[in-house]
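A.B. asks: Data: coords.txt, compact mmCIF, C-alpha atoms.
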# COMPACT_ATOMS: atom_id res chain seq x y z
CA MET A 1 -1.72 -36.62 17.04
CA ARG A 2 0.09 -34.54 19.66
CA LYS A 3 3.00 -33.99 17.27
CA ILE A 4 0.68 -32.61 14.60
CA ILE A 5 -0.98 -30.23 17.04
CA PHE A 6 2.41 -29.12 18.34
CA ILE A 7 3.74 -28.49 14.82
CA VAL A 8 0.64 -26.48 13.87
CA PHE A 9 0.88 -24.44 17.07
CA LEU A 10 4.59 -23.81 16.54
CA SER A 11 4.09 -22.75 12.92
CA LEU A 12 1.40 -20.27 13.98
CA LEU A 13 3.82 -18.70 16.45
CA LEU A 14 6.51 -18.28 13.81
CA VAL A 15 4.30 -16.66 11.18
CA SER A 16 4.61 -12.89 11.08
CA VAL A 17 1.31 -11.10 11.29
CA ALA A 18 0.32 -8.92 8.32
CA TYR A 19 -2.17 -6.12 8.63
CA ALA A 20 -4.34 -4.68 5.87
CA ASP A 21 -4.61 -0.89 5.73
CA GLN A 22 -6.51 0.92 3.01
CA PHE A 23 -5.11 4.00 1.32
CA GLN A 24 -6.44 6.43 -1.26
CA MET A 25 -4.05 8.34 -3.53
CA VAL A 26 -5.21 11.86 -4.41
CA ASP A 27 -3.60 14.65 -6.44
CA LYS A 28 -2.95 17.42 -3.91
CA ASN A 29 -3.46 20.21 -6.47
CA THR A 30 -6.60 19.08 -8.28
CA GLY A 31 -8.25 16.59 -5.91
CA ALA A 32 -8.29 13.98 -8.70
CA TYR A 33 -7.88 10.34 -7.80
CA ILE A 34 -4.67 8.64 -8.93
CA ALA A 35 -6.44 5.79 -10.68
CA TYR A 36 -5.02 2.50 -11.97
CA ALA A 37 -1.51 3.39 -10.85
CA PRO A 38 1.09 0.79 -9.81
CA VAL A 39 2.24 1.14 -6.19
CA TYR A 40 5.63 -0.11 -5.01
CA VAL A 41 6.90 -0.74 -1.48
CA SER A 42 10.65 -1.25 -1.16
CA GLU A 43 10.93 -1.60 -4.95
CA SER A 44 8.38 -4.46 -5.03
CA LEU A 45 5.06 -4.04 -6.82
CA ILE A 46 2.27 -4.54 -4.30
CA GLY A 47 -0.67 -3.72 -6.53
CA HIS A 48 -2.55 -1.07 -8.45
CA THR A 49 -4.99 1.57 -7.31
CA ASP A 50 -8.62 1.23 -8.41
CA LYS A 51 -10.61 3.89 -10.30
CA TYR A 52 -10.99 5.87 -7.04
CA GLY A 53 -7.27 5.75 -6.26
CA ARG A 54 -7.73 3.19 -3.47
CA ILE A 55 -5.44 0.29 -2.62
CA THR A 56 -5.24 -2.21 0.23
CA ILE A 57 -1.72 -2.83 1.50
CA ASN A 58 -0.99 -5.98 3.50
CA LEU A 59 2.19 -5.58 5.54
CA THR A 60 3.32 -5.83 9.13
CA ARG A 61 3.00 -2.72 11.28
CA GLY A 62 5.52 0.03 10.66
CA GLU A 63 6.59 2.80 8.32
CA TYR A 64 7.41 2.05 4.69
CA ARG A 65 8.83 3.98 1.73
CA CYS A 66 6.56 3.79 -1.28
CA LYS A 67 6.34 5.09 -4.79
CA VAL A 68 3.50 5.43 -7.26
CA GLU A 69 3.79 5.72 -11.03
CA TYR A 70 1.27 7.68 -13.04
CA ARG A 71 0.97 9.11 -16.52
CA GLY A 72 1.28 12.85 -16.85
CA GLU A 73 -0.48 15.09 -19.35
CA HIS A 74 2.01 14.22 -22.09
CA LYS A 75 1.76 10.43 -21.51
CA ARG A 76 5.14 10.49 -19.81
CA VAL A 77 5.40 8.22 -16.78
CA LYS A 78 6.12 10.12 -13.57
CA ILE A 79 7.10 8.70 -10.20
CA LYS A 80 6.21 10.14 -6.79
CA LYS A 81 7.76 8.86 -3.58
CA PHE A 82 6.07 8.99 -0.18
CA LYS A 83 5.88 7.18 3.16
CA ILE A 84 3.03 5.20 4.67
CA ASN A 85 2.46 3.93 8.16
CA ILE A 86 0.72 0.56 8.60
CA THR A 87 -1.27 0.64 11.85
CA ASP A 88 -4.03 -1.96 11.34
CA SER A 89 -6.59 0.85 11.24
CA ILE A 90 -10.01 0.25 9.67
CA GLU A 91 -10.33 3.78 8.35
CA LEU A 92 -9.30 4.86 4.85
CA LYS A 93 -6.04 6.82 4.89
CA VAL A 94 -5.83 9.52 2.24
CA VAL A 95 -2.39 10.24 0.76
CA TYR A 96 -2.16 13.63 -0.97
CA LEU A 97 0.62 13.73 -3.57
CA ASP A 98 1.93 16.83 -5.31
CA LEU A 99 1.94 15.66 -8.94
CA ASP A 100 3.34 18.83 -10.50
Let me see the structure of the file written as structure tokens.
C.D. replies:
Amino acid sequence: MRKIIFIVFLSLLLVSVAYADQFQMVDKNTGAYIAYAPVYVSESLIGHTDKYGRITINLTRGEYRCKVEYRGEHKRVKIKKFKINITDSIELKVVYLDLD
């Protein structure tokens, strides 16, 4: 029994802690939400924004390079790169992107 408790305790120490911060992607020029857009962190897809441009990102604390893909007026896919900072904050962080 002691071995099981020790192994569980040790595994909890070795697990890296992930934090969930919420972001909202907004077009800087029009104020429109960037809805249903795929969001990538370090070239890995982490999810899609909802209809209000919101996404929850679960990562360890720190600064990350991100990119979001969206469809322009002519149905062409555009990519915007930006940085986020994961701080384990409970408030919604708004990211204004210049989509022109």
A.B. asks: Can you work out which one of A:Pro38, A:Lys28, A:Tyr33, A:Glu91 has the shortest atom-to-atom distance to A:Lys78, counting all atoms listed in the file?
C.D. replies: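 Of the candidates, the smallest distance to A:Lys78 is held by A:Pro38.
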A.B. asks: I want to know what sits within 9 Å of stretch 56-73 of chain A, based on only C-alpha atoms, with residues of the same chain fewer than 5 positions away left out; could you give that as number ranges by chain?
C.D. replies: A: 16-25, 34-43, 46-49, 78-88, 99-100
A.B. asks: So what do you get for atom CA of A:Ala32 versus atom CA of A:Leu97, distance-wise?
C.D. replies: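 Distance between the two atoms: 10.3 Å.
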A.B. asks: How many Å separate atom CA of A:Asn29 from atom CA of A:Val95?
C.D. replies: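 Between atom CA of A:Asn29 and atom CA of A:Val95 the gap is 12.4 Å.
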A.B. asks: May I ask for the distance between atom CA of A:Asp50 and atom CA of A:Val77, given in Å to one decimal place?
C.D. replies: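 Taking atom CA of A:Asp50 as the start and atom CA of A:Val77 as the end point, the length is 17.8 Å.
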A.B. asks: So for stretch 84-88 of chain A, what box centre and size do we get, axis-aligned, 8 Å extra on each of the six sides, every listed atom, Å to one decimal, as lines of an AutoDock Vina configuration file?
C.D. replies:
center_x = -0.5
center_y = 1.6
center_z = 8.3
size_x = 23.1
size_y = 23.2
size_z = 23.2
A.B. asks: Could you rebuild stretch 36-47 of chain A with all heavy atoms and give it back as a CSV table (one decimal), in the coordinates of the input?
C.D. replies:
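The resulting file, rebuild-v6.csv, is reproduced below:
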chain,number,residue,atom,x,y,z
A,36,TYR,N,-5.7,3.6,-11.2
A,36,TYR,CA,-5.0,2.5,-12.0
A,36,TYR,C,-3.5,2.7,-12.0
A,36,TYR,O,-2.9,2.3,-13.0
A,36,TYR,CB,-5.6,2.4,-13.4
A,36,TYR,CG,-7.1,2.3,-13.4
A,36,TYR,CD1,-7.9,3.3,-13.9
A,36,TYR,CD2,-7.7,1.1,-12.9
A,36,TYR,CE1,-9.3,3.2,-13.9
A,36,TYR,CE2,-9.1,1.0,-12.9
A,36,TYR,CZ,-9.9,2.1,-13.4
A,36,TYR,OH,-11.2,2.0,-13.4
A,37,ALA,N,-2.9,3.1,-10.9
A,37,ALA,CA,-1.5,3.4,-10.8
A,37,ALA,C,-0.8,2.3,-10.1
A,37,ALA,O,-1.3,1.8,-9.0
A,37,ALA,CB,-1.2,4.7,-10.2
A,38,PRO,N,0.3,1.8,-10.6
A,38,PRO,CA,1.1,0.8,-9.8
A,38,PRO,C,1.7,1.4,-8.6
A,38,PRO,O,2.2,2.5,-8.6
A,38,PRO,CB,2.2,0.3,-10.8
A,38,PRO,CG,2.3,1.4,-11.8
A,38,PRO,CD,1.0,2.1,-11.9
A,39,VAL,N,1.7,0.7,-7.5
A,39,VAL,CA,2.2,1.1,-6.2
A,39,VAL,C,3.3,0.2,-5.8
A,39,VAL,O,3.1,-1.1,-5.8
A,39,VAL,CB,1.2,1.3,-5.1
A,39,VAL,CG1,1.8,1.7,-3.8
A,39,VAL,CG2,0.1,2.2,-5.5
A,40,TYR,N,4.5,0.7,-5.4
A,40,TYR,CA,5.6,-0.1,-5.0
A,40,TYR,C,6.0,0.2,-3.6
A,40,TYR,O,6.0,1.3,-3.1
A,40,TYR,CB,6.8,0.2,-5.9
A,40,TYR,CG,6.6,-0.1,-7.3
A,40,TYR,CD1,6.0,0.8,-8.2
A,40,TYR,CD2,7.1,-1.3,-7.9
A,40,TYR,CE1,5.9,0.5,-9.5
A,40,TYR,CE2,6.9,-1.6,-9.2
A,40,TYR,CZ,6.3,-0.7,-10.0
A,40,TYR,OH,6.1,-0.9,-11.4
A,41,VAL,N,6.4,-0.9,-2.8
A,41,VAL,CA,6.9,-0.7,-1.5
A,41,VAL,C,8.2,-1.4,-1.5
A,41,VAL,O,8.3,-2.6,-1.9
A,41,VAL,CB,6.0,-1.4,-0.4
A,41,VAL,CG1,6.6,-1.3,0.9
A,41,VAL,CG2,4.7,-0.6,-0.4
A,42,SER,N,9.3,-0.7,-1.1
A,42,SER,CA,10.6,-1.2,-1.2
A,42,SER,C,11.0,-1.9,-2.5
A,42,SER,O,11.5,-3.0,-2.6
A,42,SER,CB,10.8,-2.3,0.0
A,42,SER,OG,10.6,-1.7,1.2
A,43,GLU,N,10.6,-1.2,-3.6
A,43,GLU,CA,10.9,-1.6,-5.0
A,43,GLU,C,10.2,-2.8,-5.4
A,43,GLU,O,10.4,-3.4,-6.5
A,43,GLU,CB,12.4,-1.8,-5.2
A,43,GLU,CG,13.3,-0.6,-4.8
A,43,GLU,CD,13.0,0.6,-5.7
A,43,GLU,OE1,12.6,0.5,-6.9
A,43,GLU,OE2,13.0,1.7,-5.1
A,44,SER,N,9.2,-3.3,-4.6
A,44,SER,CA,8.4,-4.5,-5.0
A,44,SER,C,7.0,-4.0,-5.3
A,44,SER,O,6.4,-3.3,-4.5
A,44,SER,CB,8.3,-5.5,-3.9
A,44,SER,OG,9.6,-6.0,-3.7
A,45,LEU,N,6.4,-4.4,-6.5
A,45,LEU,CA,5.1,-4.0,-6.8
A,45,LEU,C,4.1,-4.7,-5.9
A,45,LEU,O,4.1,-6.0,-5.7
A,45,LEU,CB,4.8,-4.5,-8.3
A,45,LEU,CG,3.3,-4.2,-8.8
A,45,LEU,CD1,3.1,-2.7,-8.9
A,45,LEU,CD2,3.1,-4.9,-10.1
A,46,ILE,N,3.2,-3.9,-5.2
A,46,ILE,CA,2.3,-4.5,-4.3
A,46,ILE,C,0.9,-4.5,-4.8
A,46,ILE,O,-0.1,-5.0,-4.2
A,46,ILE,CB,2.3,-3.9,-2.9
A,46,ILE,CG1,2.1,-2.4,-3.0
A,46,ILE,CG2,3.6,-4.2,-2.2
A,46,ILE,CD1,1.8,-1.8,-1.7
A,47,GLY,N,0.7,-3.8,-5.9
A,47,GLY,CA,-0.7,-3.7,-6.5
A,47,GLY,C,-0.9,-2.4,-7.3
A,47,GLY,O,0.0,-1.6,-7.4
